[in-house]
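Visitor: Below you'll find final-v6.cif; it's mmCIF, C-alpha atoms.
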```cif
data_my_file
#
loop_
_atom_site.group_PDB
_atom_site.id
_atom_site.type_symbol
_atom_site.label_atom_id
_atom_site.label_comp_id
_atom_site.auth_asym_id
_atom_site.auth_seq_id
_atom_site.Cartn_x
_atom_site.Cartn_y
_atom_site.Cartn_z
ATOM 1 C CA MET M 166 0.000 0.000 0.000
ATOM 2 C CA LYS M 167 1.279 3.488 -0.805
ATOM 3 C CA PRO M 168 1.158 5.725 2.279
ATOM 4 C CA GLY M 169 -0.986 8.831 1.926
ATOM 5 C CA ARG M 170 -2.434 7.829 -1.425
ATOM 6 C CA GLU M 171 -4.715 5.013 -0.397
ATOM 7 C CA ALA M 172 -7.484 4.752 2.145
ATOM 8 C CA PHE M 173 -10.015 2.418 3.735
ATOM 9 C CA LEU M 174 -13.591 3.710 3.496
ATOM 10 C CA ASP M 175 -16.120 3.089 6.256
ATOM 11 C CA SER M 176 -19.667 1.845 5.501
ATOM 12 C CA PRO M 177 -21.559 5.189 5.805
ATOM 13 C CA VAL M 178 -19.485 6.618 2.916
ATOM 14 C CA PHE M 179 -21.152 4.116 0.566
ATOM 15 C CA ALA M 180 -24.614 4.434 2.123
ATOM 16 C CA ASP M 181 -24.377 8.214 1.859
ATOM 17 C CA HIS M 182 -23.468 7.941 -1.852
ATOM 18 C CA LEU M 183 -26.543 5.813 -2.531
ATOM 19 C CA VAL M 184 -28.932 8.349 -0.953
ATOM 20 C CA SER M 185 -27.208 11.681 -1.641
ATOM 21 C CA ALA M 186 -28.740 14.205 -4.038
ATOM 22 C CA THR M 187 -27.685 13.404 -7.590
ATOM 23 C CA GLY M 188 -26.726 16.951 -8.584
ATOM 24 C CA GLY M 189 -23.229 17.316 -7.140
ATOM 25 C CA CYS M 190 -20.331 15.025 -6.474
ATOM 26 C CA SER M 191 -20.851 12.525 -3.643
ATOM 27 C CA PHE M 192 -18.328 12.095 -0.845
ATOM 28 C CA LEU M 193 -17.457 8.639 -2.227
ATOM 29 C CA ILE M 194 -16.564 10.134 -5.624
ATOM 30 C CA LYS M 195 -14.544 12.818 -3.830
ATOM 31 C CA CYS M 196 -12.586 10.048 -2.032
ATOM 32 C CA MET M 197 -11.920 8.327 -5.354
ATOM 33 C CA THR M 198 -10.655 11.616 -6.746
ATOM 34 C CA VAL M 199 -8.405 12.344 -3.753
ATOM 35 C CA PHE M 200 -6.905 8.857 -3.261
ATOM 36 C CA ASP M 201 -5.192 6.643 -5.848
ATOM 37 C CA HIS M 202 -6.947 3.574 -4.484
ATOM 38 C CA CYS M 203 -9.848 3.125 -2.084
ATOM 39 C CA TYR M 204 -10.521 -0.074 -0.174
ATOM 40 C CA THR M 205 -13.188 -1.515 2.048
ATOM 41 C CA SER M 206 -13.912 -4.908 3.588
ATOM 42 C CA VAL M 207 -16.494 -7.662 3.265
ATOM 43 C CA VAL M 208 -17.987 -6.573 6.601
ATOM 44 C CA ASN M 209 -18.590 -3.016 5.360
ATOM 45 C CA ILE M 210 -20.220 -4.254 2.167
ATOM 46 C CA ALA M 211 -22.372 -6.658 4.185
ATOM 47 C CA GLU M 212 -23.531 -3.780 6.415
ATOM 48 C CA VAL M 213 -24.694 -1.767 3.405
ATOM 49 C CA LEU M 214 -26.346 -4.741 1.721
ATOM 50 C CA SER M 215 -28.074 -5.717 4.971
ATOM 51 C CA ALA M 216 -29.848 -2.346 4.882
ATOM 52 C CA CYS M 217 -31.559 -3.258 1.583
ATOM 53 C CA ASP M 218 -35.026 -4.820 1.560
ATOM 54 C CA THR M 219 -35.017 -6.743 -1.712
ATOM 55 C CA SER M 220 -32.528 -8.611 -3.894
ATOM 56 C CA GLU M 221 -33.047 -5.949 -6.584
ATOM 57 C CA GLN M 222 -32.022 -3.247 -4.099
ATOM 58 C CA ARG M 223 -28.955 -5.282 -3.116
ATOM 59 C CA GLU M 224 -27.898 -5.628 -6.759
ATOM 60 C CA THR M 225 -28.300 -1.866 -7.213
ATOM 61 C CA ALA M 226 -26.414 -1.063 -4.001
ATOM 62 C CA LYS M 227 -23.452 -3.195 -5.145
ATOM 63 C CA ARG M 228 -22.734 -0.546 -7.817
ATOM 64 C CA ALA M 229 -21.467 1.811 -5.119
ATOM 65 C CA PHE M 230 -18.554 -0.597 -4.566
ATOM 66 C CA TYR M 231 -17.394 -0.650 -8.194
ATOM 67 C CA GLY M 232 -13.906 0.834 -8.286
ATOM 68 C CA THR M 233 -13.244 0.087 -4.606
ATOM 69 C CA GLY M 234 -10.832 -2.689 -3.663
ATOM 70 C CA LEU M 235 -12.231 -5.433 -1.450
ATOM 71 C CA LEU M 236 -10.098 -6.612 1.461
ATOM 72 C CA GLY M 237 -10.575 -9.944 3.140
ATOM 73 C CA MET M 238 -8.880 -11.208 6.277
ATOM 74 C CA PRO M 239 -6.062 -13.739 6.028
ATOM 75 C CA TYR M 240 -5.189 -16.047 8.936
ATOM 76 C CA ARG M 241 -2.153 -14.006 10.015
ATOM 77 C CA TYR M 242 -4.406 -11.001 10.857
ATOM 78 C CA SER M 243 -6.052 -13.031 13.621
ATOM 79 C CA VAL M 244 -3.185 -12.315 16.052
ATOM 80 C CA LYS M 245 -3.575 -8.541 15.607
ATOM 81 C CA MET M 246 -7.346 -8.851 15.787
ATOM 82 C CA SER M 247 -7.069 -10.715 19.077
ATOM 83 C CA GLU M 248 -5.067 -7.769 20.498
ATOM 84 C CA VAL M 249 -7.562 -5.201 19.176
ATOM 85 C CA LEU M 250 -10.487 -7.220 20.449
ATOM 86 C CA LYS M 251 -8.899 -7.609 23.891
ATOM 87 C CA GLU M 252 -8.340 -3.848 24.076
ATOM 88 C CA SER M 253 -11.899 -3.238 22.924
ATOM 89 C CA ILE M 254 -13.313 -5.558 25.613
ATOM 90 C CA ASP M 255 -10.995 -4.216 28.365
ATOM 91 C CA CYS M 256 -12.017 -0.615 27.612
ATOM 92 C CA LYS M 257 -15.693 -1.609 27.343
ATOM 93 C CA GLU M 258 -15.926 0.417 24.143
ATOM 94 C CA GLY M 259 -16.240 -0.437 20.495
ATOM 95 C CA ASN M 260 -17.505 -3.775 19.276
ATOM 96 C CA PHE M 261 -16.430 -6.745 17.213
ATOM 97 C CA ARG M 262 -16.883 -4.968 13.873
ATOM 98 C CA ASP M 263 -14.921 -1.904 15.009
ATOM 99 C CA ALA M 264 -12.118 -4.251 16.080
ATOM 100 C CA PHE M 265 -12.299 -5.876 12.638
ATOM 101 C CA VAL M 266 -12.089 -2.520 10.805
ATOM 102 C CA ILE M 267 -9.166 -1.305 12.942
ATOM 103 C CA THR M 268 -7.346 -4.626 12.394
ATOM 104 C CA MET M 269 -7.804 -4.372 8.622
ATOM 105 C CA CYS M 270 -6.481 -0.800 8.568
ATOM 106 C CA SER M 271 -3.597 -1.577 10.909
ATOM 107 C CA GLU M 272 -2.436 -4.676 9.014
ATOM 108 C CA ALA M 273 -2.925 -3.127 5.554
ATOM 109 C CA LYS M 274 -1.348 0.161 6.757
ATOM 110 C CA LEU M 275 -4.294 2.161 5.478
ATOM 111 C CA PRO M 276 -5.809 5.305 6.976
ATOM 112 C CA LEU M 277 -9.500 5.046 7.822
ATOM 113 C CA VAL M 278 -11.872 7.551 6.221
ATOM 114 C CA THR M 279 -14.841 7.906 8.542
ATOM 115 C CA TYR M 280 -17.631 10.367 9.305
ATOM 116 C CA ASP M 281 -17.319 9.446 12.982
ATOM 117 C CA THR M 282 -13.699 9.804 14.085
ATOM 118 C CA GLY M 283 -14.791 9.689 17.758
ATOM 119 C CA ARG M 284 -16.035 6.131 17.322
ATOM 120 C CA TYR M 285 -12.545 4.823 16.493
ATOM 121 C CA LEU M 286 -10.406 7.309 18.395
ATOM 122 C CA SER M 287 -9.266 5.088 21.254
ATOM 123 C CA LEU M 288 -8.505 1.971 19.179
ATOM 124 C CA SER M 289 -6.901 3.982 16.376
ATOM 125 C CA GLU M 290 -4.469 5.617 18.805
ATOM 126 C CA LYS M 291 -3.509 2.298 20.384
ATOM 127 C CA PHE M 292 -2.986 0.540 17.059
ATOM 128 C CA SER M 293 -1.539 3.475 15.082
ATOM 129 C CA VAL M 294 -4.340 3.792 12.555
ATOM 130 C CA LYS M 295 -4.647 7.255 11.050
ATOM 131 C CA LEU M 296 -8.200 8.602 10.975
ATOM 132 C CA ILE M 297 -9.246 10.905 8.142
ATOM 133 C CA SER M 298 -12.327 13.013 8.708
ATOM 134 C CA ARG M 299 -14.886 14.100 6.140
ATOM 135 C CA GLN M 300 -13.652 17.697 6.363
ATOM 136 C CA GLU M 301 -10.064 16.643 5.635
ATOM 137 C CA VAL M 302 -11.085 14.767 2.463
ATOM 138 C CA ILE M 303 -13.203 17.711 1.277
ATOM 139 C CA ARG M 304 -10.237 20.069 1.821
ATOM 140 C CA LYS M 305 -7.977 17.751 -0.204
ATOM 141 C CA TYR M 306 -10.646 17.395 -2.895
ATOM 142 C CA ASN M 307 -11.014 21.164 -3.267
ATOM 143 C CA SER M 308 -7.257 21.453 -3.577
ATOM 144 C CA VAL M 309 -7.101 18.675 -6.239
ATOM 145 C CA ILE M 310 -9.932 20.273 -8.259
ATOM 146 C CA LYS M 311 -8.301 23.707 -8.007
ATOM 147 C CA ASN M 312 -4.990 22.364 -9.315
ATOM 148 C CA LYS M 313 -6.475 20.009 -11.945
ATOM 149 C CA PRO M 314 -5.203 20.873 -15.434
ATOM 150 C CA GLY M 315 -7.842 22.109 -17.925
ATOM 151 C CA MET T 17 -29.137 36.103 -10.359
ATOM 152 C CA PRO T 18 -31.862 34.414 -12.453
ATOM 153 C CA ARG T 19 -32.664 30.781 -11.680
ATOM 154 C CA LYS T 20 -31.567 28.282 -14.287
ATOM 155 C CA LYS T 21 -34.362 26.719 -16.344
ATOM 156 C CA PRO T 22 -34.889 22.991 -15.459
ATOM 157 C CA SER T 23 -33.517 21.859 -18.825
ATOM 158 C CA GLU T 24 -30.326 23.894 -18.259
ATOM 159 C CA SER T 25 -29.903 22.406 -14.773
ATOM 160 C CA LEU T 26 -30.386 18.905 -16.155
ATOM 161 C CA GLN T 27 -27.883 19.505 -18.935
ATOM 162 C CA SER T 28 -25.398 20.851 -16.415
ATOM 163 C CA ALA T 29 -25.898 17.811 -14.118
ATOM 164 C CA VAL T 30 -25.402 15.413 -17.073
ATOM 165 C CA SER T 31 -22.248 17.267 -18.068
ATOM 166 C CA VAL T 32 -20.864 17.022 -14.494
ATOM 167 C CA LYS T 33 -21.615 13.276 -14.405
ATOM 168 C CA ASN T 34 -19.951 12.721 -17.791
ATOM 169 C CA GLU T 35 -16.873 14.592 -16.604
ATOM 170 C CA GLN T 36 -16.773 12.467 -13.412
ATOM 171 C CA ILE T 37 -17.077 9.254 -15.455
ATOM 172 C CA LYS T 38 -14.280 10.290 -17.836
ATOM 173 C CA TYR T 39 -11.986 11.324 -14.977
ATOM 174 C CA LEU T 40 -12.579 8.157 -12.910
ATOM 175 C CA GLN T 41 -12.371 5.889 -15.942
ATOM 176 C CA GLU T 42 -8.892 7.213 -16.704
ATOM 177 C CA LYS T 43 -7.841 7.144 -13.068
ATOM 178 C CA LEU T 44 -9.216 3.748 -12.085
ATOM 179 C CA LYS T 45 -8.493 2.132 -15.463
ATOM 180 C CA LEU T 46 -11.928 0.550 -15.467
ATOM 181 C CA ASP T 47 -14.487 -0.064 -18.178
ATOM 182 C CA GLU T 48 -16.627 3.001 -18.972
ATOM 183 C CA ASN T 49 -19.844 1.077 -18.255
ATOM 184 C CA ILE T 50 -18.650 0.030 -14.800
ATOM 185 C CA VAL T 51 -17.648 3.590 -13.898
ATOM 186 C CA GLY T 52 -20.954 4.829 -15.336
ATOM 187 C CA LEU T 53 -22.890 2.473 -13.053
ATOM 188 C CA LEU T 54 -20.825 3.640 -10.070
ATOM 189 C CA VAL T 55 -21.330 7.357 -10.771
ATOM 190 C CA HIS T 56 -25.027 6.948 -11.591
ATOM 191 C CA SER T 57 -25.654 4.911 -8.429
ATOM 192 C CA GLN T 58 -25.386 8.222 -6.539
ATOM 193 C CA GLY T 59 -28.777 9.060 -5.067
ATOM 194 C CA ILE T 60 -30.383 5.906 -6.468
ATOM 195 C CA PHE T 61 -32.081 5.238 -3.101
ATOM 196 C CA THR T 62 -34.547 7.781 -1.782
ATOM 197 C CA GLY T 63 -34.861 8.821 1.848
ATOM 198 C CA THR T 64 -32.344 8.318 4.632
ATOM 199 C CA ASP T 65 -33.565 4.915 5.870
ATOM 200 C CA LEU T 66 -30.624 3.164 4.250
ATOM 201 C CA VAL T 67 -28.124 5.293 6.171
ATOM 202 C CA LYS T 68 -29.965 4.721 9.465
ATOM 203 C CA ARG T 69 -30.033 0.972 8.872
ATOM 204 C CA VAL T 70 -26.331 0.881 8.054
ATOM 205 C CA HIS T 71 -25.586 2.706 11.331
ATOM 206 C CA ALA T 72 -27.805 0.208 13.164
ATOM 207 C CA ALA T 73 -25.865 -2.687 11.578
ATOM 208 C CA MET T 74 -22.579 -1.062 12.648
ATOM 209 C CA ASP T 75 -23.770 -0.635 16.214
ATOM 210 C CA ALA T 76 -25.082 -4.193 16.343
ATOM 211 C CA GLY T 77 -21.418 -5.078 15.964
#
```
What does the file become when written as structure tokens?
Guide:
Amino acid sequence: MKPGREAFLDSPVFADHLVSATGGCSFLIKCMTVFDHCYTSVVNIAEVLSACDTSEQRETAKRAFYGTGLLGMPYRYSVKMSEVLKESIDCKEGNFRDAFVITMCSEAKLPLVTYDTGRYLSLSEKFSVKLISRQEVIRKYNSVIKNKPG
Amino acid sequence: MPRKKPSESLQSAVSVKNEQIKYLQEKLKLDENIVGLLVHSQGIFTGTDLVKRVHAAMDAG
């Protein structure tokens, strides 16, 4: 992974794209403009698809993930996940899926783009995962658009 | 400033989408149809129920 040019996107980024007004550029598209590669995990996709009522809706929702790399979890990540999970249980904060997301970002050395930095703050500090807020991406996007040739 | 006529707004929105598709197609090195489906999936669901449900799934852990 190339530091600073790739990112892991949290589930609400995709959900927001699917419901946001069609006129402008969604936050997901802004992320794809700012970063060379965007990634997410099977858990995040499952969360978005679980919010759909019908199989037709699920097929439509899958389009939001086109162009985003899908990360799975190999066996070797289980050691890191056990540490994250232990921390999560000891601190009585976060949950299994947050531990999964932080493990993925930590092992893949990817920053986490999230609307809710507070949710991951404690685990991200302990496991050296950089959090990128919505405002930070929008600032970078505006700068990219300003400097885009043509 | 006068409001844009609906047809002008629509044309402008289509032009923005086409520009996004072209830019992402070159950047992501993906088929134009795939990028088109991605870009046009924006706002395909109405209401905010989907977002609420995704948050509920996240909190269910």
Visitor: On this structure, the PyMOL selection byres ((chain M) within 8 of (chain T)) would catch which residues? List them as a ChimeraX atom specification, sorted by chain and number.
Guide: /M:176-177,180-189,191,194,197-198,201-202,212-213,215-217,225-226,228-232,260-263
Visitor: Just how far from CA of Cys256 in chain M is CA of Ile210 in chain M, in Å to one decimal?
Guide: 27.0 Å
Visitor: By how many Å are CA of Ile297 in chain M and CA of Cys196 in chain M apart?
Guide: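 Distance between the two atoms: 10.7 Å.
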Visitor: Mind checking which residues fall within 12 Å of Leu288 in chain M, counting all atoms listed in the file, ignoring those fewer than 2 positions away in the same chain, and posting them as a count of residues only?
Guide: 36
Visitor: Around range 206-223 of chain M, with edges along x, y and z and 3 Å added on all six sides, what centre and edge lengths do you get, in Å to one decimal, as AutoDock Vina command-line options?
Guide:
```
--center_x -24.5 --center_y -5.2 --center_z 0.0 --size_x 27.1 --size_y 12.8 --size_z 19.2
```
Visitor: Take CA of Leu214 in chain M and CA of Lys227 in chain M and report the distance between them in Å, one decimal.
Guide: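 Between CA of Leu214 in chain M and CA of Lys227 in chain M the gap works out to 7.6 Å.
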Visitor: Hey, what comes out of the PyMOL selection byres ((chain M and resi 235) around 7) on this file? Could you write it as a ChimeraX atom specification?
Guide: /M:204-207,233-234,236-237
Visitor: When you look at Thr279 in chain M with a cut-off of 6 Å (counting all atoms listed in the file), what residues show up, excluding the ones that are within fewer than 2 positions of it in the same chain? I need them as an MDAnalysis selection string.
Guide: chainID M and resid 175 281:282 298
